[in-house]
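Taking it in order: structure first as structure tokens, then the write-up.
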Amino acid sequence: MATDAITLPETQETVGAKRPLVDRFHEWITTVDHKQLGVMYILYALAFLLVGGVEATIMRIQLSAPHKDFVSPQVFNRMFTMHGTTMIFFVAMPLVFGLANYLVPLMIGARDMAFPRLNAFSFWLSAFGGILLYFSLVGANGLYGAGNAPDVGWFAYAPLTSHTFSVGHSTDFWTLSLLVSGFGSIGTAINIIVTILCLRCPGMKLGKMPLFVWLNLVMAGLVILAVSPLSAAQIMLSIDRYLGGHFFDTQAGGSAVIWMHFFWIFGHPEVYVLVIPAFAVASEVIPVFSRKAIFGYPVMVAATVAIAFVGMSVWAHHMFTVGMSSNANAFFVLSTMAVAVPTGIKIFNWLATMWGGKIDFKPPMLFCAGFLFQFLLAGLTGIMLSAAPFDWQLGNSYFVVAHFHYVIVGGILFCLFAAFYYWYPKATGRMCNELLGKLHFWLFFIGFHLTFDFMHVPGLLGMPRRIYTYEPGRGWDTWNLIVGIGVVFQAAGVLVFAANLIWSYFSGKIAGNDPWDAWTLEWTTSSPPPAYNFAVIPSVKSRRPLWDLKHPEDPDWKYE
Amino acid sequence: MQSTRNISAKLPPLKALSILFFLASTCLAQSPTLSSPTNIFAPASTPAKAIFGLSLFVLVITGGIFVVVGSLLAYVVVKFRKRKDDDSREPAQVYGSNQVEIAWTVIPILIVVVLFMATARVIANVQKAAPDNAVHVTVVGHQFWWEYRYPGLKVVTANELHVPVGAATEIKLFSADTDHSFWVPRLAGKTDLIPNHPNVMWIDPQEVGLYLGQCAQYCGTQHAKMLLRVYVQSQAEFDHWIQQQSQPAQSSNAASEGQRIFEATACVNCHAVAGTPALGRFGPDLTHLMSRDTIAAGIAENNHESLRLWIQDPSRLKPGSLMPAMGLNEHDLNAVTAYLETLR
Amino acid sequence: MSAATVTIHEPELQWRASARGRLGMYCLIAAEAAIFTIFVVAYLFYMGKSHSGPTPQQVLHVPILFTICLLSSSLTIHLAVRSLRKSKTGAFARWWFLTLFLGTTFLAGTVVEWRHLIYDEGLTIQTNLFGTTYYSLVGLHAFHVLMGLLALGIVWLFAMFGRVKREHAERVDTLALYWHFVDTVWVVVFLVVYVIGR
């Protein structure tokens with residue numbers, strides 16, 4: 001190993017006039033830098049978050065009273081299809097990939113991802129997918145005005161998606177946009193895996209990586225195994241619709257149920273793809289704001305791997321009402337309940353991390369506390385749904401809608417908000433406004449609970465999902481109204497959040513390298529990091545290299 | 001920071017409030033003050049009761065877990081928050097504990113085993129075959145109405161199902177087009193109707209009455225208005241109803257002009273009226289249309305105004321319904337309506 | 001101007017670069033394997049379920065010759081890479097071309113088989129479940145062969161201009177890995193379609 005001593009010149013502020021807009025635009029469009037791509041993923045996701053939120057608001061207004069006439073059934077059906085598809089594929093996935101892209105190389109002491117050009121290609125593929133989906137609003141046209149945005153539900157059950165029942169091209173926009181962005185997701189996942197396995201800095205063995213990195217590695221593996229079945233199923237659907245195939249053509253002996261199997265073999269691991277990075281955020285934020293190392297690091301890794309494995313065997317719990325045999329139903333009950341065990345272990349480990357600590361409820365920790373509470377509840381309603389006979393009542397009702405929004409909004413989105421407040425200073429060099437952050441939290445917390453707590457009740461009272469209106473006298477009216485009121489608070493919270501992001505960019509307190517007194521490698525470099533991330537590739541000895549530097553009398557590597 | 005302290009102090013009470021909300025709503029669901037004809041916690045038939053029993057068991061266990069873990073969370077959040085007079089020393093770093101990890105692995109596994117066994121038992125009980133002397137009904141799901149056939153009893157009807165009280169009814173489920181789902185919460189859990197994938201379920205309602213439900217699997221534009229009405233009647237009333245429904249249509253001279261228009265226009269391509277040349281099966285059987293309380297799968301009362309409006313333009317009541325507006329002029333419309341009103 | 005003195009450890013970039021590419025290819029192979037698995041599952045699930053039309057027993061002939069071609073192309077590509085590692089660029093180019101030739105022969109065989117099935121036996125993707133699943137599975141594989149041949153062809157062109165040298169062996173080997181995957185998939189497809197399915 002050659003060693004050289006070099007002299008680093010003092011850094012100078014970049015002087016001179018700002019570069020022309022065209023140049024800066026060109027830089028971003030052609031970038032292969034993981035940080036810029038990460039930011040683009042996140043901004044893209046935030047834009048679609050607003051769009052998806054508008055779609056949700058339209059639905060809630062329509063359902064706030066029985067027999068309302070706010071939108072037609074055709075428009076409503078497009079709304080829930082687009083809302084689900086947008087939120088999963090063009091909000092949650094890009095947010096997850098954006099965070100991974102930005103942070104993983106920094107946390108492992110690398111200069112960029114393993115395949116920077118593939119990174120850019122994957123981003124633009126995914127971005128194009130979203131644009132393609134929304135192009136359906138103007139581009140799709142079919143018989144009897146049946147074109148327009150897809151209206152088959154985000155899981156597009158056969159044979160509703162066949163040419164017989166979905167004339168025109170709206171379903172094709174759904175299929176093709178997800179196929180394209182699916183390939184982008186696979187590309188990003190390959191990048192994440194190879195980066196983590198090949199580009200770690202010296203001393204960072206697998207057992208010394210931050211949990212954020214471990215969990216994103218598991219997530220990427222799941223993407224590779226889970227998104228591919230969806231792509232396969234969509235190719236089959238396209239063969240049916242364009243080439244006269246019979247994969248899901250029940251008239252020719254095809255099976256509608258096999259679409260469900262293929263879709264949920266993707267669909268269930270997909271929710272782990274979304275939630276495991278949320279766990280990753282919690283596993284970084286909770287220790288720092290409790291001032292304690294994460295409790296049970298090896299168990300946390302093992303539990304996550306167990307969740308990923310077991311989570312690949314639970315998919316048919318989305319199909320309990322389809323008429324599978326009692327043995328098949330029982331198997332999926334068991335596997336679904338089993339996956340609750342490692343998930344619960346993680347919650348206990350986070351609590352144990354906070355135990356004996358000195359918890360500082362800055363916005364990142366506020367959101368993580370909300371996450372813990374809500375994810376607990378979401379897991380419990382999940383256990384209720386895993387008991388198949390109970391699911392025969394609750395399935396396909398608003399109870400399920402409440403459950404999965406509890407997971408995705410109450411769990412995942414809360415963690416992602418925490419991630420924003422935690423890493424925004426690193427990415428921009430400025431702190432978010434703390435008061436606005438807390439206001440965001442409380443507004444959103446109140447709105448979330450107003451909407452999604454009370455949403456369970458109509459499900460218990462027999463209200464199915466995906467209905468554009470309902471009969472009075474079923475006892476659903478008041479609950480739906482309360483659910484709608486919660487939307488106002490959530491919207492207010494999100495607007496405060498957006499305002500905070502913008503205001504802080506220009507007027508936030510200067511953050512410095514390490515505003516939170518944290519312990520992982522991204523806090524050793526400047527805020528924002530230079531294009532090359534680190535002047536010198538660091539070398540680590542423990543899971544918390546900065547803790548070792550700050551506490552040389554009591555470094556982590558003595559105990560690991 | 002002052003604000004931090006105040007808000008943190010408010011945290012536990014607000015969390016307690018949310019806990020109360022959630023528990024209260026589930027409790028209220030069972031109270032008679034929150035009456036709903038589709039309340040899953042008011043079972044009136046064995047499958048629904050078996051599910052109800054299991055659900056209580058599951059709720060107790062999950063409620064217990066919530067109390068334990070929720071209290072731990074509340075405690076941690078209050079007890080270990082940073083004080084105003086904090087001395088900025090880092091707390092003791094604890095990296096893990098094998099005993100604790102084993103404990104909170106083994107206990108959840110035991111809970112899962114117990115829950116699974118209870119669940120498997122109920123699955124077997126509900127998914128077993130109906131008794132031999134059950135009434136047999138075949139349901140065919142359509143976009144956006146329900147076809148009911150009693151094969152042994154030679155009855156074909158639509159949208160309003162009649163079954164006897166205190167006896168088992170076995171229901172076979174088919175679909176003529178896309179996926180649907182038969183969900184009458186007080187009688188049983190839902191079972192899907194999937195083309196090329198016949199399903200079977202059974203009910204044995206214990207109380208006479210009208211039970212409501214609706215399609216629970218998105219099937220297209222008017223999925224929301226595919227309502228279910230199950231009339232549970234005494235054996236005598238049910239036999240009487242069967243006897244009436246199995247008769248062909250009574251011909252009546254009064255409405256023969258309407259009948260002529262009905263048979264000459266495309267109505268007969270979709271609708272059947274037993275005892276006449278109308279043999280269409282795409283739409284509901286109309287032989288005993290006037291014996292039903294509602295039309296269009298439960299969304300409108302079966303009275304003159306609704307019936308006339310429906311025939312004139314179905315999309316006024318159910319936009320996206322597959323029945324087209326036939327473009328009848330006023331005279332023909334009145335005649336056809338009058339004819340249909342003779343189909344008792 | 002203040003100065004900071006640091007010690008730099010030169011990272012070992014050589015082995016890392018190739019490990020990266022190879023691992024990336026393994027991941028891609030995993031994803032593709034998952035896609036193929038779904039098509040194989042559909043094929044197996046729908047075996048015997050066609051309502052009408054030609055059955056596999058009636059119309060399928062086992063493509064022994066073309067299978068041998070494809071599988072031996074795995075051997076020839078392995079020999080090509082071995083030659084390149086020994087800097088025998090001439091031998092490399094010859095083995096590489098042979099791989100291309102064998103692969104193209106396989107594809108030609110598929111074309112011939114399909115012509116026969118469509119025009120003589122009346123089996124198309126629309127005919128029945130067998131037709132749909134057969135053409136989809138075999139077609140998906142053939143598409144991957146085609147993509148592989150394109151990549152192989154580009155490398156061969158570079159080789160013709162003398163631009164492929166010993167230091168490119170790792171990258172060429174990564175491409176060969178893809179080709180071996182395509183061959184392995186054919187083994188599975190062959191078993192499922194021509195052995196089990198008949």
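Chain labels follow the order of the structure tokens: the first chain is A, the next B, and so on; residue numbering restarts at 1 in every chain, and ligands are counted from 1 in their shown order.
Residue-level contact on chain B: within 6 Å of chain A, counting only C-alpha atoms, the set is B:Ser36, B:Pro37, B:Thr38, B:Asn39, B:Ile40, B:Ile51, B:Ser55, B:Thr62, B:Val76, B:Phe80, B:Arg81, B:Lys82, B:Pro91, B:Gln93, B:Tyr95, B:Gly96, B:Pro108, B:Thr119, B:Ala120, B:Thr178, B:Gly189, B:Lys190, B:Thr191, B:Asp192, B:Asn196, B:Asn199, B:Ala216, B:Thr221, B:Ala224.
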(Q) as a PyMOL selection string, please: the residues near region 258-263 of chain B (cut-off 10 Å, only C-alpha atoms, same-chain neighbours under 3 positions excluded). (A) chain B and resi 251-255+266-269+271+276-278+328+331-340+342
Saved selection, atoms kept: N, CA and C atoms, as a PDB file, in the first residue's frame:
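part35.pdb, freshly written:
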ATOM      1  N   SER B 251    -100.718 -13.732 -17.607  1.00  0.00           N
ATOM      2  CA  SER B 251    -100.972 -12.831 -18.733  1.00  0.00           C
ATOM      3  C   SER B 251    -102.211 -12.005 -18.433  1.00  0.00           C
ATOM      4  N   SER B 252    -102.155 -10.775 -18.852  1.00  0.00           N
ATOM      5  CA  SER B 252    -103.283  -9.888 -18.573  1.00  0.00           C
ATOM      6  C   SER B 252    -103.519  -9.042 -19.797  1.00  0.00           C
ATOM      7  N   ASN B 253    -104.784  -8.939 -20.205  1.00  0.00           N
ATOM      8  CA  ASN B 253    -105.057  -8.180 -21.427  1.00  0.00           C
ATOM      9  C   ASN B 253    -104.778  -6.709 -21.255  1.00  0.00           C
ATOM     10  N   ALA B 254    -104.914  -6.240 -20.041  1.00  0.00           N
ATOM     11  CA  ALA B 254    -104.822  -4.782 -19.814  1.00  0.00           C
ATOM     12  C   ALA B 254    -103.522  -4.216 -20.327  1.00  0.00           C
ATOM     13  N   ALA B 255    -102.464  -4.996 -20.182  1.00  0.00           N
ATOM     14  CA  ALA B 255    -101.179  -4.401 -20.552  1.00  0.00           C
ATOM     15  C   ALA B 255    -100.591  -5.055 -21.787  1.00  0.00           C
ATOM     16  N   ALA B 266     -85.728  -4.305 -28.079  1.00  0.00           N
ATOM     17  CA  ALA B 266     -84.626  -5.186 -27.713  1.00  0.00           C
ATOM     18  C   ALA B 266     -84.706  -5.689 -26.283  1.00  0.00           C
ATOM     19  N   CYS B 267     -85.748  -5.332 -25.540  1.00  0.00           N
ATOM     20  CA  CYS B 267     -85.841  -5.752 -24.137  1.00  0.00           C
ATOM     21  C   CYS B 267     -85.652  -7.255 -23.982  1.00  0.00           C
ATOM     22  N   VAL B 268     -86.226  -8.007 -24.917  1.00  0.00           N
ATOM     23  CA  VAL B 268     -86.191  -9.469 -24.743  1.00  0.00           C
ATOM     24  C   VAL B 268     -84.800 -10.047 -24.957  1.00  0.00           C
ATOM     25  N   ASN B 269     -83.888  -9.246 -25.543  1.00  0.00           N
ATOM     26  CA  ASN B 269     -82.518  -9.745 -25.693  1.00  0.00           C
ATOM     27  C   ASN B 269     -81.848  -9.920 -24.356  1.00  0.00           C
ATOM     28  N   HIS B 271     -83.778  -9.609 -21.102  1.00  0.00           N
ATOM     29  CA  HIS B 271     -84.647  -9.971 -19.989  1.00  0.00           C
ATOM     30  C   HIS B 271     -85.507 -11.169 -20.319  1.00  0.00           C
ATOM     31  N   THR B 276     -93.506 -16.341 -21.602  1.00  0.00           N
ATOM     32  CA  THR B 276     -93.599 -15.474 -22.787  1.00  0.00           C
ATOM     33  C   THR B 276     -92.373 -15.732 -23.647  1.00  0.00           C
ATOM     34  N   PRO B 277     -92.342 -15.147 -24.853  1.00  0.00           N
ATOM     35  CA  PRO B 277     -91.150 -15.342 -25.698  1.00  0.00           C
ATOM     36  C   PRO B 277     -89.886 -14.665 -25.169  1.00  0.00           C
ATOM     37  N   ALA B 278     -90.002 -13.874 -24.116  1.00  0.00           N
ATOM     38  CA  ALA B 278     -88.810 -13.191 -23.604  1.00  0.00           C
ATOM     39  C   ALA B 278     -87.922 -14.181 -22.878  1.00  0.00           C
ATOM     40  N   LEU B 328     -87.400   5.202 -25.710  1.00  0.00           N
ATOM     41  CA  LEU B 328     -88.835   5.059 -25.955  1.00  0.00           C
ATOM     42  C   LEU B 328     -89.507   6.418 -25.870  1.00  0.00           C
ATOM     43  N   HIS B 331     -95.405   7.623 -24.903  1.00  0.00           N
ATOM     44  CA  HIS B 331     -96.505   6.658 -24.981  1.00  0.00           C
ATOM     45  C   HIS B 331     -95.996   5.243 -24.740  1.00  0.00           C
ATOM     46  N   ASP B 332     -94.927   4.883 -25.458  1.00  0.00           N
ATOM     47  CA  ASP B 332     -94.383   3.530 -25.317  1.00  0.00           C
ATOM     48  C   ASP B 332     -93.857   3.305 -23.917  1.00  0.00           C
ATOM     49  N   LEU B 333     -93.220   4.356 -23.372  1.00  0.00           N
ATOM     50  CA  LEU B 333     -92.664   4.246 -22.032  1.00  0.00           C
ATOM     51  C   LEU B 333     -93.765   3.932 -21.027  1.00  0.00           C
ATOM     52  N   ASN B 334     -94.863   4.659 -21.099  1.00  0.00           N
ATOM     53  CA  ASN B 334     -95.975   4.407 -20.178  1.00  0.00           C
ATOM     54  C   ASN B 334     -96.521   3.003 -20.367  1.00  0.00           C
ATOM     55  N   ALA B 335     -96.618   2.566 -21.623  1.00  0.00           N
ATOM     56  CA  ALA B 335     -97.180   1.242 -21.885  1.00  0.00           C
ATOM     57  C   ALA B 335     -96.302   0.149 -21.300  1.00  0.00           C
ATOM     58  N   VAL B 336     -94.991   0.286 -21.545  1.00  0.00           N
ATOM     59  CA  VAL B 336     -94.088  -0.754 -21.045  1.00  0.00           C
ATOM     60  C   VAL B 336     -94.093  -0.767 -19.527  1.00  0.00           C
ATOM     61  N   THR B 337     -94.083   0.413 -18.929  1.00  0.00           N
ATOM     62  CA  THR B 337     -94.136   0.462 -17.463  1.00  0.00           C
ATOM     63  C   THR B 337     -95.393  -0.213 -16.951  1.00  0.00           C
ATOM     64  N   ALA B 338     -96.504   0.074 -17.582  1.00  0.00           N
ATOM     65  CA  ALA B 338     -97.760  -0.543 -17.149  1.00  0.00           C
ATOM     66  C   ALA B 338     -97.679  -2.055 -17.276  1.00  0.00           C
ATOM     67  N   TYR B 339     -97.065  -2.512 -18.371  1.00  0.00           N
ATOM     68  CA  TYR B 339     -96.926  -3.965 -18.548  1.00  0.00           C
ATOM     69  C   TYR B 339     -96.095  -4.571 -17.420  1.00  0.00           C
ATOM     70  N   LEU B 340     -94.952  -3.955 -17.152  1.00  0.00           N
ATOM     71  CA  LEU B 340     -94.086  -4.517 -16.122  1.00  0.00           C
ATOM     72  C   LEU B 340     -94.797  -4.535 -14.769  1.00  0.00           C
ATOM     73  N   THR B 342     -97.648  -5.340 -14.208  1.00  0.00           N
ATOM     74  CA  THR B 342     -98.545  -6.486 -14.057  1.00  0.00           C
ATOM     75  C   THR B 342     -97.783  -7.759 -13.698  1.00  0.00           C
TER      76      THR B 342
END
Q. Can you list, as a PyMOL selection string, every protein, DNA or RNA residue that comes within 7 Å of region 156-172 of chain C when you count only C-alpha atoms, leaving out same-chain residues fewer than 4 positions away?
A. chain C and resi 18+81+84-85+87+89+93+96-97+152+176
**Q.** Within 12 Å of Ala92 (chain A) using only C-alpha atoms, minus same-chain residues under 3 positions, as a PyMOL selection string
**A.** chain A and resi 41-49+52+83-89+95-99+185+270-278+408-409+411-417
**Q.** For Phe238 (chain B): contacts at 9 Å, only C-alpha atoms, fewer than 4 positions along chain excluded, given as a count of residues only
**A.** 9
Q) Do you know which residues are at most 6 Å from region 24-27 of chain C counting only C-alpha atoms, after dropping those on the same chain fewer than 3 positions away, and could you put them as JSON, numbers by chain? A) {"A": [190, 194], "C": [21, 30]}
Dump N, CA and C atoms for the selected residues as a compact mmCIF listing (two decimals), in the first residue's frame?
# COMPACT_ATOMS: atom_id res chain seq x y z
N ILE A 190 -30.20 -3.02 -7.90
CA ILE A 190 -28.91 -3.63 -8.23
C ILE A 190 -27.78 -2.71 -7.78
N VAL A 194 -24.84 -3.68 -4.98
CA VAL A 194 -23.42 -3.74 -5.35
C VAL A 194 -22.64 -2.66 -4.61
N GLY C 21 -18.90 -5.40 -11.22
CA GLY C 21 -19.63 -5.78 -12.42
C GLY C 21 -20.23 -7.16 -12.29
N ALA C 30 -30.64 -12.63 -10.94
CA ALA C 30 -31.66 -12.97 -9.95
C ALA C 30 -33.01 -12.38 -10.36
Quick one: contact table of region 20-108 of chain C to region 178-191 of chain C, 10 Å max, nearest atom pair and distance in Å to one decimal per residue, counting only C-alpha atoms, chain and number order, as a Markdown table?
| residue | atom | partner | partner_atom | distance |
| --- | --- | --- | --- | --- |
| C:Arg22 | CA | C:Tyr178 | CA | 9.8 |
| C:Met25 | CA | C:Tyr178 | CA | 7.1 |
| C:Tyr26 | CA | C:Tyr178 | CA | 8.5 |
| C:Leu28 | CA | C:Tyr178 | CA | 8.8 |
| C:Ile29 | CA | C:Phe181 | CA | 7.0 |
| C:Ala30 | CA | C:Phe181 | CA | 9.8 |
| C:Glu32 | CA | C:Phe181 | CA | 9.2 |
| C:Ala33 | CA | C:Val185 | CA | 8.0 |
| C:Phe36 | CA | C:Val185 | CA | 7.9 |
| C:Thr37 | CA | C:Val185 | CA | 9.5 |
| C:Phe39 | CA | C:Val189 | CA | 9.8 |
| C:Val40 | CA | C:Val189 | CA | 7.5 |
| C:Tyr43 | CA | C:Val189 | CA | 9.7 |
| C:Val62 | CA | C:Phe190 | CA | 8.5 |
| C:Pro63 | CA | C:Phe190 | CA | 8.7 |
| C:Ile64 | CA | C:Phe190 | CA | 9.6 |
| C:Thr67 | CA | C:Trp186 | CA | 8.0 |
| C:Leu70 | CA | C:Asp183 | CA | 6.6 |
| C:Leu71 | CA | C:Asp183 | CA | 6.1 |
| C:Ser72 | CA | C:Asp183 | CA | 9.3 |
| C:Ser73 | CA | C:Asp183 | CA | 8.4 |
| C:Ser74 | CA | C:His180 | CA | 5.8 |
| C:Leu75 | CA | C:His180 | CA | 9.1 |
| C:Ile77 | CA | C:Trp179 | CA | 8.2 |
| C:His78 | CA | C:His180 | CA | 9.0 |
| C:Thr99 | CA | C:Trp179 | CA | 9.7 |
| C:Gly103 | CA | C:Trp179 | CA | 9.7 |
Q | Residues of chain A within 9 Å of chain C, counting only C-alpha atoms, as a ChimeraX atom specification | A | /A:1-10,114-115,186-187,189-191,193-195,197-199,202,221,223-233,236,239-240,243-247,252-255,258,262,536-537
Would you write out those residues with C-alpha atoms, as a PDB file, in the first residue's frame?
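Produced file out_0.pdb, reproduced below:
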ATOM      1  CA  MET A   1       0.000   0.000   0.000  1.00  0.00           C
ATOM      2  CA  ALA A   2       1.493   3.290  -1.080  1.00  0.00           C
ATOM      3  CA  THR A   3       1.191   6.171   1.314  1.00  0.00           C
ATOM      4  CA  ASP A   4       1.553   9.789   0.461  1.00  0.00           C
ATOM      5  CA  ALA A   5       1.481  12.924   2.492  1.00  0.00           C
ATOM      6  CA  ILE A   6      -0.235  15.768   0.752  1.00  0.00           C
ATOM      7  CA  THR A   7      -1.043  19.307   1.667  1.00  0.00           C
ATOM      8  CA  LEU A   8      -4.672  20.328   1.412  1.00  0.00           C
ATOM      9  CA  PRO A   9      -5.207  23.925   0.409  1.00  0.00           C
ATOM     10  CA  GLU A  10      -7.635  25.932   2.471  1.00  0.00           C
ATOM     11  CA  ALA A 114     -21.257   1.504  -7.846  1.00  0.00           C
ATOM     12  CA  PHE A 115     -22.865   2.319 -11.193  1.00  0.00           C
ATOM     13  CA  ILE A 186     -34.693  -3.019 -10.356  1.00  0.00           C
ATOM     14  CA  GLY A 187     -31.781  -0.985 -11.680  1.00  0.00           C
ATOM     15  CA  ALA A 189     -31.836  -2.041  -6.376  1.00  0.00           C
ATOM     16  CA  ILE A 190     -28.910  -3.632  -8.227  1.00  0.00           C
ATOM     17  CA  ASN A 191     -26.954  -0.450  -7.666  1.00  0.00           C
ATOM     18  CA  ILE A 193     -26.688  -4.007  -3.442  1.00  0.00           C
ATOM     19  CA  VAL A 194     -23.421  -3.738  -5.348  1.00  0.00           C
ATOM     20  CA  THR A 195     -22.549  -0.432  -3.704  1.00  0.00           C
ATOM     21  CA  LEU A 197     -21.287  -5.066  -0.855  1.00  0.00           C
ATOM     22  CA  CYS A 198     -18.340  -3.671  -2.801  1.00  0.00           C
ATOM     23  CA  LEU A 199     -17.671  -0.054  -1.873  1.00  0.00           C
ATOM     24  CA  PRO A 202     -11.683   0.125   5.014  1.00  0.00           C
ATOM     25  CA  GLY A 221     -32.817  -7.646  -2.333  1.00  0.00           C
ATOM     26  CA  VAL A 223     -37.065  -5.294  -4.805  1.00  0.00           C
ATOM     27  CA  ILE A 224     -35.191  -7.656  -7.090  1.00  0.00           C
ATOM     28  CA  LEU A 225     -37.268 -10.623  -6.028  1.00  0.00           C
ATOM     29  CA  ALA A 226     -40.610  -8.837  -5.764  1.00  0.00           C
ATOM     30  CA  VAL A 227     -40.827  -6.304  -8.602  1.00  0.00           C
ATOM     31  CA  SER A 228     -39.928  -8.922 -11.191  1.00  0.00           C
ATOM     32  CA  PRO A 229     -43.125 -10.954 -10.677  1.00  0.00           C
ATOM     33  CA  LEU A 230     -45.141  -7.781 -11.217  1.00  0.00           C
ATOM     34  CA  SER A 231     -43.259  -7.085 -14.421  1.00  0.00           C
ATOM     35  CA  ALA A 232     -43.901 -10.642 -15.550  1.00  0.00           C
ATOM     36  CA  ALA A 233     -47.604 -10.361 -14.783  1.00  0.00           C
ATOM     37  CA  MET A 236     -48.716 -11.319 -19.542  1.00  0.00           C
ATOM     38  CA  ILE A 239     -49.983 -10.121 -24.221  1.00  0.00           C
ATOM     39  CA  ASP A 240     -53.641 -10.705 -23.368  1.00  0.00           C
ATOM     40  CA  LEU A 243     -51.760 -10.156 -28.838  1.00  0.00           C
ATOM     41  CA  GLY A 244     -54.950 -11.995 -27.982  1.00  0.00           C
ATOM     42  CA  GLY A 245     -53.384 -14.140 -25.291  1.00  0.00           C
ATOM     43  CA  HIS A 246     -55.452 -15.944 -22.670  1.00  0.00           C
ATOM     44  CA  PHE A 247     -53.382 -15.733 -19.498  1.00  0.00           C
ATOM     45  CA  ALA A 252     -60.763 -19.585 -22.517  1.00  0.00           C
ATOM     46  CA  GLY A 253     -60.012 -21.416 -19.298  1.00  0.00           C
ATOM     47  CA  GLY A 254     -57.667 -18.783 -17.947  1.00  0.00           C
ATOM     48  CA  SER A 255     -57.634 -17.944 -14.282  1.00  0.00           C
ATOM     49  CA  ILE A 258     -53.577 -16.484 -10.861  1.00  0.00           C
ATOM     50  CA  PHE A 262     -48.821 -12.989  -9.207  1.00  0.00           C
ATOM     51  CA  VAL A 536     -10.031  11.264   2.175  1.00  0.00           C
ATOM     52  CA  ILE A 537     -11.764   7.903   2.245  1.00  0.00           C
TER      53      ILE A 537
END
Which of region 169-321 of chain B DSSP labels strand (DSSP E or B), written as a short mmCIF file (atom, residue, chain, number, x, y, z; two decimals) with C-alpha atoms, in the first residue's frame:
data_model
loop_
_atom_site.label_atom_id
_atom_site.label_comp_id
_atom_site.auth_asym_id
_atom_site.auth_seq_id
_atom_site.Cartn_x
_atom_site.Cartn_y
_atom_site.Cartn_z
CA THR B 169 -78.90 -22.49 2.91
CA GLU B 170 -75.95 -23.48 0.77
CA ILE B 171 -74.95 -20.76 -1.67
CA LYS B 172 -72.89 -21.51 -4.76
CA LEU B 173 -71.17 -18.48 -6.20
CA PHE B 174 -70.42 -17.93 -9.90
CA SER B 175 -69.71 -14.90 -11.99
CA HIS B 180 -67.66 -9.70 -7.27
CA SER B 181 -68.08 -10.52 -3.59
CA PHE B 182 -71.13 -11.55 -1.61
CA THR B 191 -66.91 -14.86 -0.33
CA ASP B 192 -65.88 -13.78 -3.80
CA LEU B 193 -67.61 -14.58 -7.06
CA ILE B 194 -64.88 -15.18 -9.60
CA HIS B 197 -63.70 -20.32 -10.16
CA ASN B 199 -67.12 -20.91 -4.72
CA VAL B 200 -69.50 -22.15 -2.06
CA MET B 201 -70.61 -20.77 1.29
CA TRP B 202 -73.50 -21.38 3.68
CA ILE B 203 -75.69 -19.47 6.11
CA PRO B 205 -80.03 -17.30 9.84
CA GLY B 209 -85.88 -10.20 8.99
CA LEU B 210 -84.23 -8.33 6.18
CA TYR B 211 -80.44 -8.44 6.06
CA LEU B 212 -78.46 -5.95 4.02
CA GLY B 213 -75.10 -6.03 2.36
CA GLN B 214 -73.45 -5.14 -0.91
CA LEU B 227 -76.71 -3.93 -3.05
CA LEU B 228 -77.72 -7.16 -1.36
CA ARG B 229 -81.06 -7.83 0.27
CA VAL B 230 -81.60 -11.17 2.02
CA TYR B 231 -85.12 -11.84 3.28
CA VAL B 232 -85.10 -14.44 6.04
CA GLN B 233 -88.64 -15.79 6.37
CA ALA B 272 -86.72 -13.07 -19.41
CA LEU B 279 -85.81 -15.40 -22.84
CA THR B 294 -86.56 -2.53 -4.86
CA ILE B 295 -85.19 -2.33 -8.35
CA ALA B 300 -84.38 2.45 -5.75
CA GLU B 301 -87.80 1.66 -4.41
#
Q | All helix (DSSP H, G or I) positions in region 144-309 of chain A, as an MDAnalysis selection string | A | chainID A and resid 144:145 170:198 206:208 211:243 250:252 256:290 297:309
Q: Do a neighbour search on Ile482 (chain A) at 7 Å with only C-alpha atoms, toss out local chain neighbours closer than 4 positions, and write the hits as JSON, numbers by chain.
A: {"A": [450, 451, 478, 486]}
Export, as a compact mmCIF listing (two decimals), in the first residue's frame, the selected residues with N, CA and C atoms.
# COMPACT_ATOMS: atom_id res chain seq x y z
N LEU A 450 -57.64 11.71 13.35
CA LEU A 450 -59.05 11.97 13.01
C LEU A 450 -59.47 11.11 11.82
N THR A 451 -58.64 11.11 10.81
CA THR A 451 -59.01 10.37 9.60
C THR A 451 -58.91 8.87 9.83
N THR A 478 -71.71 9.60 9.77
CA THR A 478 -70.92 10.47 10.65
C THR A 478 -69.45 10.14 10.58
N GLY A 486 -60.47 15.19 9.07
CA GLY A 486 -59.05 14.97 9.33
C GLY A 486 -58.16 15.38 8.16
